[in-house]
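Dumped start03.pdb below, it's PDB, C-alpha atoms:
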```
ATOM      1  CA  ASP A   1       9.379   0.142  13.893  1.00  0.00           C
ATOM      2  CA  ILE A   2       5.868   1.493  14.455  1.00  0.00           C
ATOM      3  CA  GLN A   3       3.328  -1.289  14.851  1.00  0.00           C
ATOM      4  CA  MET A   4      -0.184  -0.735  13.528  1.00  0.00           C
ATOM      5  CA  THR A   5      -2.989  -2.759  15.090  1.00  0.00           C
ATOM      6  CA  GLN A   6      -6.388  -2.890  13.435  1.00  0.00           C
ATOM      7  CA  SER A   7      -9.599  -4.130  14.943  1.00  0.00           C
ATOM      8  CA  PRO A   8     -11.690  -6.024  14.337  1.00  0.00           C
ATOM      9  CA  SER A   9      -9.939  -8.375  11.916  1.00  0.00           C
ATOM     10  CA  SER A  10     -13.297  -9.067  10.319  1.00  0.00           C
ATOM     11  CA  VAL A  11     -16.830  -7.763  10.580  1.00  0.00           C
ATOM     12  CA  SER A  12     -20.093  -8.889   9.049  1.00  0.00           C
ATOM     13  CA  ALA A  13     -22.574  -6.220   8.120  1.00  0.00           C
ATOM     14  CA  SER A  14     -25.629  -5.582   6.001  1.00  0.00           C
ATOM     15  CA  VAL A  15     -26.206  -3.044   3.275  1.00  0.00           C
ATOM     16  CA  GLY A  16     -27.150   0.221   4.941  1.00  0.00           C
ATOM     17  CA  ASP A  17     -25.241  -0.473   8.168  1.00  0.00           C
ATOM     18  CA  ARG A  18     -22.602   1.771   9.666  1.00  0.00           C
ATOM     19  CA  VAL A  19     -19.224   0.101  10.061  1.00  0.00           C
ATOM     20  CA  THR A  20     -16.385   1.386  12.229  1.00  0.00           C
ATOM     21  CA  ILE A  21     -12.810   0.126  11.995  1.00  0.00           C
ATOM     22  CA  THR A  22     -10.118   1.197  14.420  1.00  0.00           C
ATOM     23  CA  CYS A  23      -6.374   1.426  14.025  1.00  0.00           C
ATOM     24  CA  ARG A  24      -3.913   1.939  16.862  1.00  0.00           C
ATOM     25  CA  ALA A  25      -0.278   2.933  16.447  1.00  0.00           C
ATOM     26  CA  SER A  26       2.392   1.744  18.869  1.00  0.00           C
ATOM     27  CA  GLN A  27       3.603   5.342  19.174  1.00  0.00           C
ATOM     28  CA  GLY A  28       2.270   8.740  18.239  1.00  0.00           C
ATOM     29  CA  ILE A  29       2.099   9.435  14.514  1.00  0.00           C
ATOM     30  CA  GLY A  30       0.312  12.777  14.508  1.00  0.00           C
ATOM     31  CA  SER A  31      -2.184  12.681  11.656  1.00  0.00           C
ATOM     32  CA  TRP A  32       0.077  10.723   9.315  1.00  0.00           C
ATOM     33  CA  LEU A  33      -2.332   7.899   8.678  1.00  0.00           C
ATOM     34  CA  ALA A  34      -3.914   6.573   5.503  1.00  0.00           C
ATOM     35  CA  TRP A  35      -6.754   4.141   4.838  1.00  0.00           C
ATOM     36  CA  TYR A  36      -7.007   1.805   1.840  1.00  0.00           C
ATOM     37  CA  GLN A  37      -9.657  -0.478   0.403  1.00  0.00           C
ATOM     38  CA  GLN A  38      -8.678  -3.688  -1.368  1.00  0.00           C
ATOM     39  CA  LYS A  39     -10.865  -6.120  -3.264  1.00  0.00           C
ATOM     40  CA  PRO A  40      -9.742  -9.674  -4.143  1.00  0.00           C
ATOM     41  CA  GLY A  41      -7.233  -9.783  -6.955  1.00  0.00           C
ATOM     42  CA  ARG A  42      -6.995  -5.999  -7.162  1.00  0.00           C
ATOM     43  CA  ALA A  43      -4.506  -3.394  -6.045  1.00  0.00           C
ATOM     44  CA  PRO A  44      -5.383  -1.354  -2.956  1.00  0.00           C
ATOM     45  CA  LYS A  45      -7.109   1.983  -3.416  1.00  0.00           C
ATOM     46  CA  LEU A  46      -6.436   5.011  -1.257  1.00  0.00           C
ATOM     47  CA  LEU A  47      -9.532   6.303   0.516  1.00  0.00           C
ATOM     48  CA  ILE A  48      -8.289   8.721   3.165  1.00  0.00           C
ATOM     49  CA  TYR A  49      -4.943  10.408   3.818  1.00  0.00           C
ATOM     50  CA  THR A  50      -3.618  12.418   6.756  1.00  0.00           C
ATOM     51  CA  ALA A  51      -6.232  10.752   8.942  1.00  0.00           C
ATOM     52  CA  SER A  52      -9.302  12.607   7.731  1.00  0.00           C
ATOM     53  CA  ASN A  53      -8.805  13.873   4.175  1.00  0.00           C
ATOM     54  CA  LEU A  54     -11.027  12.107   1.669  1.00  0.00           C
ATOM     55  CA  LEU A  55      -9.333  11.453  -1.655  1.00  0.00           C
ATOM     56  CA  ARG A  56     -11.141  13.130  -4.525  1.00  0.00           C
ATOM     57  CA  GLY A  57     -13.712  10.797  -6.010  1.00  0.00           C
ATOM     58  CA  VAL A  58     -14.159   8.687  -2.874  1.00  0.00           C
ATOM     59  CA  PRO A  59     -17.793   8.625  -1.699  1.00  0.00           C
ATOM     60  CA  SER A  60     -18.598  10.845   1.257  1.00  0.00           C
ATOM     61  CA  ARG A  61     -19.987   7.881   3.231  1.00  0.00           C
ATOM     62  CA  PHE A  62     -16.327   7.157   4.058  1.00  0.00           C
ATOM     63  CA  SER A  63     -14.781   9.247   6.809  1.00  0.00           C
ATOM     64  CA  GLY A  64     -11.670   9.125   8.952  1.00  0.00           C
ATOM     65  CA  SER A  65     -10.804  10.593  12.302  1.00  0.00           C
ATOM     66  CA  GLY A  66      -8.194  10.503  15.009  1.00  0.00           C
ATOM     67  CA  SER A  67      -4.688  11.654  15.779  1.00  0.00           C
ATOM     68  CA  GLY A  68      -1.734  10.524  17.828  1.00  0.00           C
ATOM     69  CA  THR A  69      -2.199   6.790  18.325  1.00  0.00           C
ATOM     70  CA  ASP A  70      -5.904   6.102  17.791  1.00  0.00           C
ATOM     71  CA  PHE A  71      -7.720   6.346  14.485  1.00  0.00           C
ATOM     72  CA  THR A  72     -11.090   5.375  13.057  1.00  0.00           C
ATOM     73  CA  LEU A  73     -12.481   4.655   9.614  1.00  0.00           C
ATOM     74  CA  THR A  74     -16.256   4.900   9.421  1.00  0.00           C
ATOM     75  CA  ILE A  75     -18.389   3.746   6.534  1.00  0.00           C
ATOM     76  CA  ASN A  76     -21.900   5.144   6.739  1.00  0.00           C
ATOM     77  CA  SER A  77     -24.715   3.352   4.946  1.00  0.00           C
ATOM     78  CA  LEU A  78     -22.646   0.432   3.673  1.00  0.00           C
ATOM     79  CA  GLN A  79     -23.087  -0.248  -0.031  1.00  0.00           C
ATOM     80  CA  PRO A  80     -22.633  -3.572  -1.882  1.00  0.00           C
ATOM     81  CA  GLU A  81     -19.387  -2.317  -3.448  1.00  0.00           C
ATOM     82  CA  ASP A  82     -17.917  -1.614   0.003  1.00  0.00           C
ATOM     83  CA  PHE A  83     -17.467  -5.270   0.905  1.00  0.00           C
ATOM     84  CA  ALA A  84     -13.695  -5.528   0.856  1.00  0.00           C
ATOM     85  CA  THR A  85     -10.626  -5.534   3.078  1.00  0.00           C
ATOM     86  CA  TYR A  86      -9.482  -2.264   4.617  1.00  0.00           C
ATOM     87  CA  TYR A  87      -5.946  -1.394   5.730  1.00  0.00           C
ATOM     88  CA  CYS A  88      -4.501   1.480   7.698  1.00  0.00           C
ATOM     89  CA  GLN A  89      -0.930   2.669   7.119  1.00  0.00           C
ATOM     90  CA  GLN A  90       1.300   4.991   9.070  1.00  0.00           C
ATOM     91  CA  ALA A  91       3.075   7.577   6.962  1.00  0.00           C
ATOM     92  CA  THR A  92       5.240   9.256   9.554  1.00  0.00           C
ATOM     93  CA  SER A  93       8.516   7.349   9.450  1.00  0.00           C
ATOM     94  CA  PHE A  94      10.353   4.581   7.671  1.00  0.00           C
ATOM     95  CA  PRO A  95       9.782   1.701   7.602  1.00  0.00           C
ATOM     96  CA  LEU A  96       6.226   2.517   6.617  1.00  0.00           C
ATOM     97  CA  THR A  97       3.894  -0.034   8.154  1.00  0.00           C
ATOM     98  CA  PHE A  98       0.369  -1.295   7.582  1.00  0.00           C
ATOM     99  CA  GLY A  99      -2.252  -2.682   9.883  1.00  0.00           C
ATOM    100  CA  GLY A 100      -3.198  -6.317   9.495  1.00  0.00           C
ATOM    101  CA  GLY A 101      -6.426  -5.538   7.656  1.00  0.00           C
ATOM    102  CA  THR A 102     -10.151  -5.699   8.373  1.00  0.00           C
ATOM    103  CA  LYS A 103     -12.342  -7.776   6.125  1.00  0.00           C
ATOM    104  CA  VAL A 104     -15.913  -6.529   5.787  1.00  0.00           C
ATOM    105  CA  TYR A 105     -18.256  -9.441   4.995  1.00  0.00           C
ATOM    106  CA  ILE A 106     -21.829  -9.484   3.868  1.00  0.00           C
ATOM    107  CA  LYS A 107     -24.135 -10.568   6.699  1.00  0.00           C
TER     108      LYS A 107
ATOM    109  CA  GLU H   1      -5.064   8.257 -18.158  1.00  0.00           C
ATOM    110  CA  VAL H   2      -2.676   7.873 -15.256  1.00  0.00           C
ATOM    111  CA  GLN H   3      -1.278   4.368 -15.135  1.00  0.00           C
ATOM    112  CA  LEU H   4       1.513   2.357 -13.543  1.00  0.00           C
ATOM    113  CA  VAL H   5       2.338  -1.000 -15.103  1.00  0.00           C
ATOM    114  CA  GLU H   6       4.661  -3.474 -13.415  1.00  0.00           C
ATOM    115  CA  SER H   7       6.554  -6.221 -15.207  1.00  0.00           C
ATOM    116  CA  GLY H   8       9.428  -8.594 -14.616  1.00  0.00           C
ATOM    117  CA  GLY H   9       7.865 -10.994 -12.151  1.00  0.00           C
ATOM    118  CA  GLY H  10       8.104 -14.741 -12.512  1.00  0.00           C
ATOM    119  CA  LEU H  11       9.470 -17.941 -11.043  1.00  0.00           C
ATOM    120  CA  VAL H  12      13.015 -17.853  -9.681  1.00  0.00           C
ATOM    121  CA  GLN H  13      15.049 -20.303  -7.648  1.00  0.00           C
ATOM    122  CA  PRO H  14      16.129 -19.530  -4.099  1.00  0.00           C
ATOM    123  CA  GLY H  15      19.280 -17.444  -4.179  1.00  0.00           C
ATOM    124  CA  GLY H  16      18.415 -16.074  -7.585  1.00  0.00           C
ATOM    125  CA  SER H  17      17.792 -12.541  -8.808  1.00  0.00           C
ATOM    126  CA  LEU H  18      15.003 -10.687 -10.524  1.00  0.00           C
ATOM    127  CA  ARG H  19      14.493  -7.130 -11.707  1.00  0.00           C
ATOM    128  CA  LEU H  20      11.052  -5.618 -11.553  1.00  0.00           C
ATOM    129  CA  SER H  21      10.034  -2.637 -13.654  1.00  0.00           C
ATOM    130  CA  CYS H  22       7.233  -0.122 -13.275  1.00  0.00           C
ATOM    131  CA  ALA H  23       6.393   1.957 -16.336  1.00  0.00           C
ATOM    132  CA  ALA H  24       4.379   5.124 -15.920  1.00  0.00           C
ATOM    133  CA  SER H  25       2.036   6.903 -18.289  1.00  0.00           C
ATOM    134  CA  GLY H  26       0.133  10.089 -17.642  1.00  0.00           C
ATOM    135  CA  VAL H  27       2.385  10.907 -14.699  1.00  0.00           C
ATOM    136  CA  THR H  28       6.056  11.837 -14.286  1.00  0.00           C
ATOM    137  CA  LEU H  29       7.643   9.491 -11.753  1.00  0.00           C
ATOM    138  CA  SER H  30      10.591  11.736 -10.948  1.00  0.00           C
ATOM    139  CA  ARG H  31       8.339  14.432  -9.471  1.00  0.00           C
ATOM    140  CA  LYS H  32       7.070  12.321  -6.586  1.00  0.00           C
ATOM    141  CA  ASP H  33       8.378   9.734  -4.144  1.00  0.00           C
ATOM    142  CA  MET H  34       7.861   6.217  -5.454  1.00  0.00           C
ATOM    143  CA  HIS H  35       7.481   2.992  -3.516  1.00  0.00           C
ATOM    144  CA  TRP H  36       7.307  -0.767  -3.793  1.00  0.00           C
ATOM    145  CA  VAL H  37       4.783  -2.628  -1.649  1.00  0.00           C
ATOM    146  CA  ARG H  38       4.317  -6.398  -1.620  1.00  0.00           C
ATOM    147  CA  GLN H  39       1.634  -8.822  -0.565  1.00  0.00           C
ATOM    148  CA  ALA H  40       2.053 -12.534  -0.043  1.00  0.00           C
ATOM    149  CA  THR H  41      -0.940 -14.627  -1.058  1.00  0.00           C
ATOM    150  CA  GLY H  42      -3.693 -14.315   1.530  1.00  0.00           C
ATOM    151  CA  LYS H  43      -1.626 -11.932   3.654  1.00  0.00           C
ATOM    152  CA  GLY H  44      -1.528  -8.220   4.339  1.00  0.00           C
ATOM    153  CA  LEU H  45       0.409  -5.415   2.740  1.00  0.00           C
ATOM    154  CA  GLU H  46       4.122  -4.962   3.416  1.00  0.00           C
ATOM    155  CA  TRP H  47       6.080  -1.870   2.452  1.00  0.00           C
ATOM    156  CA  VAL H  48       9.351  -2.779   0.736  1.00  0.00           C
ATOM    157  CA  SER H  49      11.249   0.266  -0.490  1.00  0.00           C
ATOM    158  CA  ALA H  50      11.025   3.925  -1.475  1.00  0.00           C
ATOM    159  CA  ILE H  51      12.951   6.426  -3.558  1.00  0.00           C
ATOM    160  CA  GLY H  52      12.600  10.153  -3.029  1.00  0.00           C
ATOM    161  CA  THR H  53      12.694  12.919  -5.610  1.00  0.00           C
ATOM    162  CA  ALA H  54      16.314  13.608  -4.663  1.00  0.00           C
ATOM    163  CA  GLY H  55      17.264   9.978  -5.181  1.00  0.00           C
ATOM    164  CA  ASP H  56      17.317   9.125  -1.479  1.00  0.00           C
ATOM    165  CA  THR H  57      16.404   5.482  -0.883  1.00  0.00           C
ATOM    166  CA  TYR H  58      14.797   3.546   1.968  1.00  0.00           C
ATOM    167  CA  TYR H  59      14.315  -0.163   2.598  1.00  0.00           C
ATOM    168  CA  ALA H  60      12.446  -2.504   4.877  1.00  0.00           C
ATOM    169  CA  GLY H  61      14.751  -4.391   7.183  1.00  0.00           C
ATOM    170  CA  SER H  62      13.782  -7.688   5.569  1.00  0.00           C
ATOM    171  CA  VAL H  63      15.173  -6.624   2.168  1.00  0.00           C
ATOM    172  CA  LYS H  64      17.971  -4.217   3.070  1.00  0.00           C
ATOM    173  CA  GLY H  65      21.236  -5.236   1.462  1.00  0.00           C
ATOM    174  CA  ARG H  66      19.466  -7.516  -1.039  1.00  0.00           C
ATOM    175  CA  PHE H  67      17.092  -5.186  -2.921  1.00  0.00           C
ATOM    176  CA  THR H  68      17.928  -1.964  -4.749  1.00  0.00           C
ATOM    177  CA  ILE H  69      15.387   0.597  -5.865  1.00  0.00           C
ATOM    178  CA  SER H  70      16.157   2.950  -8.740  1.00  0.00           C
ATOM    179  CA  ARG H  71      14.471   5.261 -11.178  1.00  0.00           C
ATOM    180  CA  GLU H  72      15.195   6.279 -14.751  1.00  0.00           C
ATOM    181  CA  SER H  73      13.736   9.597 -15.805  1.00  0.00           C
ATOM    182  CA  ALA H  74      14.460   9.112 -19.502  1.00  0.00           C
ATOM    183  CA  ASN H  75      11.925   6.313 -19.786  1.00  0.00           C
ATOM    184  CA  ASN H  76       9.802   7.339 -16.816  1.00  0.00           C
ATOM    185  CA  SER H  77      10.287   4.032 -15.045  1.00  0.00           C
ATOM    186  CA  LEU H  78      10.912   2.651 -11.578  1.00  0.00           C
ATOM    187  CA  TYR H  79      12.901  -0.492 -10.856  1.00  0.00           C
ATOM    188  CA  LEU H  80      13.493  -2.976  -8.077  1.00  0.00           C
ATOM    189  CA  GLN H  81      16.577  -5.184  -8.344  1.00  0.00           C
ATOM    190  CA  MET H  82      16.083  -8.195  -6.092  1.00  0.00           C
ATOM    191  CA  ASN H  83      19.040 -10.432  -5.214  1.00  0.00           C
ATOM    192  CA  SER H  84      19.521 -13.427  -2.912  1.00  0.00           C
ATOM    193  CA  LEU H  85      15.828 -14.215  -3.082  1.00  0.00           C
ATOM    194  CA  THR H  86      14.207 -16.565  -0.592  1.00  0.00           C
ATOM    195  CA  SER H  87      10.767 -18.121  -0.330  1.00  0.00           C
ATOM    196  CA  GLU H  88       9.864 -15.289   2.057  1.00  0.00           C
ATOM    197  CA  ASP H  89      10.036 -12.901  -0.893  1.00  0.00           C
ATOM    198  CA  THR H  90       7.232 -14.702  -2.740  1.00  0.00           C
ATOM    199  CA  ALA H  91       4.482 -12.125  -3.220  1.00  0.00           C
ATOM    200  CA  VAL H  92       2.698  -9.787  -5.572  1.00  0.00           C
ATOM    201  CA  TYR H  93       4.819  -6.647  -5.906  1.00  0.00           C
ATOM    202  CA  TYR H  94       3.106  -3.324  -6.478  1.00  0.00           C
ATOM    203  CA  CYS H  95       4.677  -0.026  -7.415  1.00  0.00           C
ATOM    204  CA  ALA H  96       2.900   2.958  -5.938  1.00  0.00           C
ATOM    205  CA  ARG H  97       3.181   6.721  -6.054  1.00  0.00           C
ATOM    206  CA  ALA H  98       3.150   8.932  -2.995  1.00  0.00           C
ATOM    207  CA  GLY H  99       1.499  11.812  -4.783  1.00  0.00           C
ATOM    208  CA  LEU H 100      -0.021  13.742  -1.903  1.00  0.00           C
ATOM    209  CA  SER H 101       1.495  15.677   0.961  1.00  0.00           C
ATOM    210  CA  SER H 102       2.264  12.514   2.858  1.00  0.00           C
ATOM    211  CA  ASP H 103       3.720   9.067   2.280  1.00  0.00           C
ATOM    212  CA  SER H 104       0.354   7.629   1.346  1.00  0.00           C
ATOM    213  CA  PHE H 105      -0.078   5.902  -1.984  1.00  0.00           C
ATOM    214  CA  ASP H 106      -2.544   7.527  -4.340  1.00  0.00           C
ATOM    215  CA  ILE H 107      -1.696   5.578  -7.508  1.00  0.00           C
ATOM    216  CA  TRP H 108      -0.929   1.852  -7.665  1.00  0.00           C
ATOM    217  CA  GLY H 109       0.050  -0.516 -10.419  1.00  0.00           C
ATOM    218  CA  GLN H 110      -1.768  -3.792 -10.987  1.00  0.00           C
ATOM    219  CA  GLY H 111       1.067  -5.809  -9.446  1.00  0.00           C
ATOM    220  CA  THR H 112       3.486  -8.454 -10.677  1.00  0.00           C
ATOM    221  CA  MET H 113       3.838 -11.895  -9.094  1.00  0.00           C
ATOM    222  CA  VAL H 114       7.214 -13.111  -7.868  1.00  0.00           C
ATOM    223  CA  THR H 115       7.518 -16.758  -6.897  1.00  0.00           C
ATOM    224  CA  VAL H 116      10.704 -18.042  -5.296  1.00  0.00           C
ATOM    225  CA  SER H 117      10.780 -21.807  -5.425  1.00  0.00           C
ATOM    226  CA  SER H 118      12.993 -24.685  -6.477  1.00  0.00           C
TER     227      SER H 118
END
```
Represent the structure of the file as structure tokens.
Amino acid sequence: DIQMTQSPSSVSASVGDRVTITCRASQGIGSWLAWYQQKPGRAPKLLIYTASNLLRGVPSRFSGSGSGTDFTLTINSLQPEDFATYYCQQATSFPLTFGGGTKVYIK
Amino acid sequence: EVQLVESGGGLVQPGGSLRLSCAASGVTLSRKDMHWVRQATGKGLEWVSAIGTAGDTYYAGSVKGRFTISRESANNSLYLQMNSLTSEDTAVYYCARAGLSSDSFDIWGQGTMVTVSS
């Protein structure tokens, strides 16, 4: 199975900050990586697919980059609605696997 | 409006069975791969199972041989038959559609809670 390792597990930030979350795969996955946002008690929402493609309707302050084993989710100018938990997910082979999550707290 | 609605969760004893359903509106389930993903309380996301457009099925190792995914086009629904349940299966179960060019989940249901306890 492909292991997905996210870091940090949590980060505190202020409105307007830039936040960067990294995700590392245990083996190369090309660009087959997705990022999700989840708020308490809600289903996850897809933000980015195939590493860097922003889902329609997702604010442009979210961006994704990377390929192979190392990936990054960047949130520019953090907004109050962005405080949530973020997960990466590899989409290259079964079993599909998620990272452990990164919780973005209000500083 | 595109919507997935899960049902069928509840309290079941260890060793018992449960069948989850996922009803779709505004989208035809048979045209895309469909998945089940679960999340134990306070934990991360865990992929459970998938069914492709050709009916091919895939399972996580932790549920293989116990869970069965299926789809019924006539009522545009997805199912997950869960047998031999253990406390490790306690979680919120989400159905999700892989609607893009990759196995990423662009539409999710609201989830249904499964609790395995005596």
Using all atoms listed in the file, determine which residues of chain A fall within 7 Å of chain H; present them as a PDB file with C-alpha atoms, in the frame of the given file.
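Contents of out-v7.pdb, freshly written:
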```
ATOM      1  CA  ALA A  34      -3.914   6.573   5.503  1.00  0.00           C
ATOM      2  CA  ARG A  42      -6.995  -5.999  -7.162  1.00  0.00           C
ATOM      3  CA  ALA A  43      -4.506  -3.394  -6.045  1.00  0.00           C
ATOM      4  CA  LEU A  46      -6.436   5.011  -1.257  1.00  0.00           C
ATOM      5  CA  TYR A  49      -4.943  10.408   3.818  1.00  0.00           C
ATOM      6  CA  ALA A  91       3.075   7.577   6.962  1.00  0.00           C
ATOM      7  CA  PRO A  95       9.782   1.701   7.602  1.00  0.00           C
ATOM      8  CA  LEU A  96       6.226   2.517   6.617  1.00  0.00           C
ATOM      9  CA  THR A  97       3.894  -0.034   8.154  1.00  0.00           C
ATOM     10  CA  PHE A  98       0.369  -1.295   7.582  1.00  0.00           C
ATOM     11  CA  GLY A 100      -3.198  -6.317   9.495  1.00  0.00           C
ATOM     12  CA  GLY A 101      -6.426  -5.538   7.656  1.00  0.00           C
TER      13      GLY A 101
END
```
Mind giving me the straight-line distance from atom CA of Val15 of chain A to atom CA of Asn53 of chain A in Å, one decimal?
->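 Between atom CA of Val15 of chain A and atom CA of Asn53 of chain A the gap is 24.3 Å.
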Care to translate the PyMOL selection byres ((chain H and resi 76) around 12) into actual residues of this file, as a ChimeraX atom specification?
-> /H:3-5,21-32,34,70-75,77-79
Leaving out Ser67 of chain A and any residue of its chain fewer than 2 positions from it, which residues lie within 7 Å of it when counting all atoms listed in the file, given as a list in words?
->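 Answer for this query is Gly30, Ser31, Thr69, Asp70 and Phe71 of chain A.
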Show which residues sit within 8 Å of Cys88 of chain A, as a PyMOL selection string. Count only C-alpha atoms, and ignore same-chain residues fewer than 4 positions away.
-> chain A and resi 4+6+23+33-36+98-99+101
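For the pair atom CA of Ser14 of chain A and atom CA of Gly66 of chain A, the interatomic distance is 25.4 Å.
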Go through the shown structure with the PyMOL selection byres ((chain H and resi 7) around 6) and write out the matching residues as a count of residues only.
-> 6
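In this model, the gap between atom CA of Gly99 of chain H and atom CA of Trp36 of chain H comes to 13.9 Å.
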Translate the PyMOL selection byres ((chain A and resi 16) around 12), as applied to the file shown, into an explicit residue set as number ranges by chain.
-> A: 13-15, 17-19, 61, 75-83, 106-107
Those residues with C-alpha atoms, as a JSON list (two decimals), in the coordinates of the input please?
```json
[["chain", "number", "residue", "atom", "x", "y", "z"],
["A", 13, "ALA", "CA", -22.57, -6.22, 8.12],
["A", 14, "SER", "CA", -25.63, -5.58, 6.00],
["A", 15, "VAL", "CA", -26.21, -3.04, 3.28],
["A", 17, "ASP", "CA", -25.24, -0.47, 8.17],
["A", 18, "ARG", "CA", -22.60, 1.77, 9.67],
["A", 19, "VAL", "CA", -19.22, 0.10, 10.06],
["A", 61, "ARG", "CA", -19.99, 7.88, 3.23],
["A", 75, "ILE", "CA", -18.39, 3.75, 6.53],
["A", 76, "ASN", "CA", -21.90, 5.14, 6.74],
["A", 77, "SER", "CA", -24.72, 3.35, 4.95],
["A", 78, "LEU", "CA", -22.65, 0.43, 3.67],
["A", 79, "GLN", "CA", -23.09, -0.25, -0.03],
["A", 80, "PRO", "CA", -22.63, -3.57, -1.88],
["A", 81, "GLU", "CA", -19.39, -2.32, -3.45],
["A", 82, "ASP", "CA", -17.92, -1.61, 0.00],
["A", 83, "PHE", "CA", -17.47, -5.27, 0.90],
["A", 106, "ILE", "CA", -21.83, -9.48, 3.87],
["A", 107, "LYS", "CA", -24.14, -10.57, 6.70]]
```
So for segment 41-58 of chain A, what box centre and size do we get, axis-aligned, 5 Å extra on each of the six sides, every listed atom, Å to one decimal, as AutoDock Vina command-line options?
```
--center_x -8.9 --center_y 2.0 --center_z 0.9 --size_x 20.5 --size_y 33.7 --size_z 26.1
```
Find the residues around Arg19 of chain H up to 6 Å (all atoms listed in the file counted), leave out those fewer than 6 positions away in its own chain, and share them as JSON, numbers by chain.
-> {"H": [80, 81, 82]}
Could you pull out every residue with an atom within 9 Å of (-14.1, -3.6, 15.0), file coordinates, counting only C-alpha atoms, and send them as a PyMOL selection string?
-> chain A and resi 6-11+19-22+102
Test item: residues at most 9 Å from Ser26 of chain A, only C-alpha atoms, excluding those fewer than 3 positions along its chain, as a PyMOL selection string | chain A and resi 1-5+29+69
